[in-house]
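What follows is a set of notes on a single structure, which appears directly below.
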Amino acid sequence: VQLQASGGGSVQPGGSLRLSCAASGRTFSRDSMGWYRQAPGKEREFIAGLAPNGYSTFYTDSVKGRFTISRDNAKNMVYLQMNSLKPEDTALYYCAADKFPVYGSERNSDESRFDYWGQGTQVTVSS
């Protein structure tokens, strides 16, 4: 059972990237999913959450309006579309899955609720 994050890279400010998180080993359609990021010298930050239904979402203020989290349960995939990227978005991005979500879990930033973590994909925003 694992999560595999991909899609990171280097992009200029104002550019876009789409991160993917491929889940394998079990179905993740009932999991609450999340994306975190960790910049050098900083703590890991919860930036987006998504309920199993694919509709209820949460975004931290710094990415609201620029990032979109989504899922394709048929493919066992979760995505993070990142637009209008800024240098301060530079970080290692992780996806995570919570097997036992409750109502509103998508808004819960507590790392201990997540059962599975991807390995991280690097995003660098620089001119």
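Residue names in the structure tokens use chain letters A, B, ... in the order shown, residue numbers from 1 in each chain, and ligand numbers from 1 in the order shown.
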Q: Would you please give, as a ChimeraX atom specification, all residues of chain A that DSSP assigns to strand (DSSP E) based on the backbone?
A: /A:2-6,9-11,17-24,32-38,45-50,57-59,67-72,77-82,91-98,116-117,121-125
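The shell of residues at most 7 Å from Val125 (chain A), with only C-alpha atoms counted and near chain neighbours (fewer than 2 positions) removed, consists of A:Ser10, A:Val11, A:Gln12, A:Pro13, A:Leu85, A:Lys86, A:Pro87, A:Asp89, A:Thr90, A:Val123.
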Mind writing the picked residues with N, CA, C and O atoms as a short mmCIF file (atom, residue, chain, number, x, y, z; two decimals), in the first residue's frame?
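Contents of again17.cif, freshly written:
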```cif
data_model
loop_
_atom_site.label_atom_id
_atom_site.label_comp_id
_atom_site.auth_asym_id
_atom_site.auth_seq_id
_atom_site.Cartn_x
_atom_site.Cartn_y
_atom_site.Cartn_z
N SER A 10 10.56 22.57 -11.94
CA SER A 10 10.94 23.98 -11.84
C SER A 10 10.08 24.80 -12.78
O SER A 10 9.88 24.42 -13.94
N VAL A 11 9.60 25.92 -12.30
CA VAL A 11 8.72 26.77 -13.09
C VAL A 11 8.97 28.23 -12.72
O VAL A 11 9.41 28.54 -11.60
N GLN A 12 8.70 29.11 -13.65
CA GLN A 12 8.85 30.54 -13.38
C GLN A 12 7.66 31.06 -12.61
O GLN A 12 6.56 30.48 -12.66
N PRO A 13 7.84 32.14 -11.89
CA PRO A 13 6.71 32.76 -11.19
C PRO A 13 5.56 33.04 -12.16
O PRO A 13 5.79 33.48 -13.30
N LEU A 85 1.88 30.44 -9.64
CA LEU A 85 2.88 30.04 -8.64
C LEU A 85 3.79 31.20 -8.28
O LEU A 85 4.13 32.05 -9.13
N LYS A 86 4.20 31.20 -7.02
CA LYS A 86 5.06 32.23 -6.47
C LYS A 86 6.34 31.59 -5.92
O LYS A 86 6.34 30.41 -5.57
N PRO A 87 7.40 32.37 -5.80
CA PRO A 87 8.63 31.80 -5.23
C PRO A 87 8.41 31.18 -3.85
O PRO A 87 9.05 30.18 -3.52
N ASP A 89 6.08 29.41 -2.94
CA ASP A 89 5.49 28.07 -3.08
C ASP A 89 6.56 27.00 -3.21
O ASP A 89 6.23 25.80 -3.21
N THR A 90 7.81 27.40 -3.32
CA THR A 90 8.90 26.43 -3.43
C THR A 90 8.96 25.56 -2.18
O THR A 90 9.05 26.07 -1.06
N VAL A 123 8.88 21.10 -5.82
CA VAL A 123 8.41 22.21 -6.65
C VAL A 123 9.32 23.40 -6.39
O VAL A 123 9.51 23.80 -5.24
#
```
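Picture a line from CA of Tyr36 (chain A) to CA of Ser127 (chain A); it runs 23.7 Å.
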Q) Could you pull the residues within 10 Å of Arg113 (chain A), counting only C-alpha atoms, minus those fewer than 2 positions along the same chain, as a ChimeraX atom specification? A) /A:32,96-101,105,108-111,115-116
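Close contacts of region 17-30 of chain A, defined as residues with an atom at most 6 Å away when counting only C-alpha atoms, with chain neighbours fewer than 5 positions off set aside, comprise Val1, Gln2, Leu3, Gln4, Ala5, Ser6, Gly7, Pro52, Asn73, Asn76, Met77, Val78, Tyr79, Leu80, Gln81 and Met82 of chain A.
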Store the residues picked out above in a file with N, CA and C atoms, as a PDB file, in the first residue's frame.
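File written: out-v1.pdb
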```pdb
ATOM      1  N   VAL A   1       0.855  -1.181   0.000  1.00  0.00           N
ATOM      2  CA  VAL A   1       0.000   0.000   0.000  1.00  0.00           C
ATOM      3  C   VAL A   1       0.893   1.233   0.000  1.00  0.00           C
ATOM      4  N   GLN A   2       0.702   2.061  -0.995  1.00  0.00           N
ATOM      5  CA  GLN A   2       1.554   3.241  -1.041  1.00  0.00           C
ATOM      6  C   GLN A   2       0.914   4.367  -1.831  1.00  0.00           C
ATOM      7  N   LEU A   3       1.465   5.554  -1.588  1.00  0.00           N
ATOM      8  CA  LEU A   3       1.116   6.733  -2.360  1.00  0.00           C
ATOM      9  C   LEU A   3       2.370   7.190  -3.092  1.00  0.00           C
ATOM     10  N   GLN A   4       2.214   7.559  -4.326  1.00  0.00           N
ATOM     11  CA  GLN A   4       3.332   7.999  -5.145  1.00  0.00           C
ATOM     12  C   GLN A   4       3.012   9.373  -5.698  1.00  0.00           C
ATOM     13  N   ALA A   5       3.748  10.378  -5.222  1.00  0.00           N
ATOM     14  CA  ALA A   5       3.532  11.736  -5.703  1.00  0.00           C
ATOM     15  C   ALA A   5       4.453  12.030  -6.875  1.00  0.00           C
ATOM     16  N   SER A   6       3.957  12.774  -7.827  1.00  0.00           N
ATOM     17  CA  SER A   6       4.752  13.142  -8.999  1.00  0.00           C
ATOM     18  C   SER A   6       4.246  14.459  -9.556  1.00  0.00           C
ATOM     19  N   GLY A   7       4.978  14.971 -10.553  1.00  0.00           N
ATOM     20  CA  GLY A   7       4.539  16.183 -11.233  1.00  0.00           C
ATOM     21  C   GLY A   7       5.271  17.438 -10.827  1.00  0.00           C
ATOM     22  N   PRO A  52     -13.869  12.432   0.924  1.00  0.00           N
ATOM     23  CA  PRO A  52     -14.062  11.294   0.018  1.00  0.00           C
ATOM     24  C   PRO A  52     -15.037  11.597  -1.120  1.00  0.00           C
ATOM     25  N   ASN A  73     -11.617   8.886  -8.251  1.00  0.00           N
ATOM     26  CA  ASN A  73     -11.661   7.646  -7.471  1.00  0.00           C
ATOM     27  C   ASN A  73     -11.574   6.408  -8.356  1.00  0.00           C
ATOM     28  N   ASN A  76      -8.010   5.955  -8.649  1.00  0.00           N
ATOM     29  CA  ASN A  76      -7.253   5.990  -7.393  1.00  0.00           C
ATOM     30  C   ASN A  76      -6.196   7.087  -7.417  1.00  0.00           C
ATOM     31  N   MET A  77      -6.592   8.259  -7.925  1.00  0.00           N
ATOM     32  CA  MET A  77      -5.671   9.373  -8.093  1.00  0.00           C
ATOM     33  C   MET A  77      -6.195  10.610  -7.379  1.00  0.00           C
ATOM     34  N   VAL A  78      -5.258  11.412  -6.894  1.00  0.00           N
ATOM     35  CA  VAL A  78      -5.562  12.725  -6.339  1.00  0.00           C
ATOM     36  C   VAL A  78      -4.625  13.720  -7.012  1.00  0.00           C
ATOM     37  N   TYR A  79      -5.136  14.924  -7.251  1.00  0.00           N
ATOM     38  CA  TYR A  79      -4.363  15.926  -7.974  1.00  0.00           C
ATOM     39  C   TYR A  79      -4.308  17.231  -7.182  1.00  0.00           C
ATOM     40  N   LEU A  80      -3.287  18.002  -7.470  1.00  0.00           N
ATOM     41  CA  LEU A  80      -3.204  19.367  -6.957  1.00  0.00           C
ATOM     42  C   LEU A  80      -2.800  20.255  -8.119  1.00  0.00           C
ATOM     43  N   GLN A  81      -3.767  20.986  -8.652  1.00  0.00           N
ATOM     44  CA  GLN A  81      -3.493  21.949  -9.719  1.00  0.00           C
ATOM     45  C   GLN A  81      -3.020  23.237  -9.082  1.00  0.00           C
ATOM     46  N   MET A  82      -1.844  23.682  -9.477  1.00  0.00           N
ATOM     47  CA  MET A  82      -1.241  24.880  -8.882  1.00  0.00           C
ATOM     48  C   MET A  82      -1.041  25.924  -9.969  1.00  0.00           C
TER      49      MET A  82
END
```
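One distance worth recording is that between CA of Tyr103 (chain A) and CA of Met33 (chain A), which is 13.1 Å.
Interatomic distance, CA of Phe114 (chain A) to CA of Gly34 (chain A): 8.5 Å.
Among the candidate residues A:Ala91, A:Arg71, A:Asp61, A:Arg107, the one lying nearest to Gly49 (chain A) is A:Arg107, with distances computed using only C-alpha atoms.
The nearest approach to Gly104 (chain A) among the residues A:Asn53, A:Glu43, A:Gly8, A:Gln38, with only C-alpha atoms taken into account, belongs to A:Asn53.
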Q. Excluding same-chain residues fewer than 4 positions from Tyr94 (chain A), what lies within 8 Å of it counting only C-alpha atoms, as a list in words?
A. Ala5, Trp35, Tyr36, Arg37, Trp117, Gly118, Gln119, Gly120 and Thr121 of chain A
**Q.** Counting only C-alpha atoms, the option among A:Glu88, A:Ala51, A:Gly9, A:Ser126 closest to Ser70 (chain A)
**A.** A:Ala51
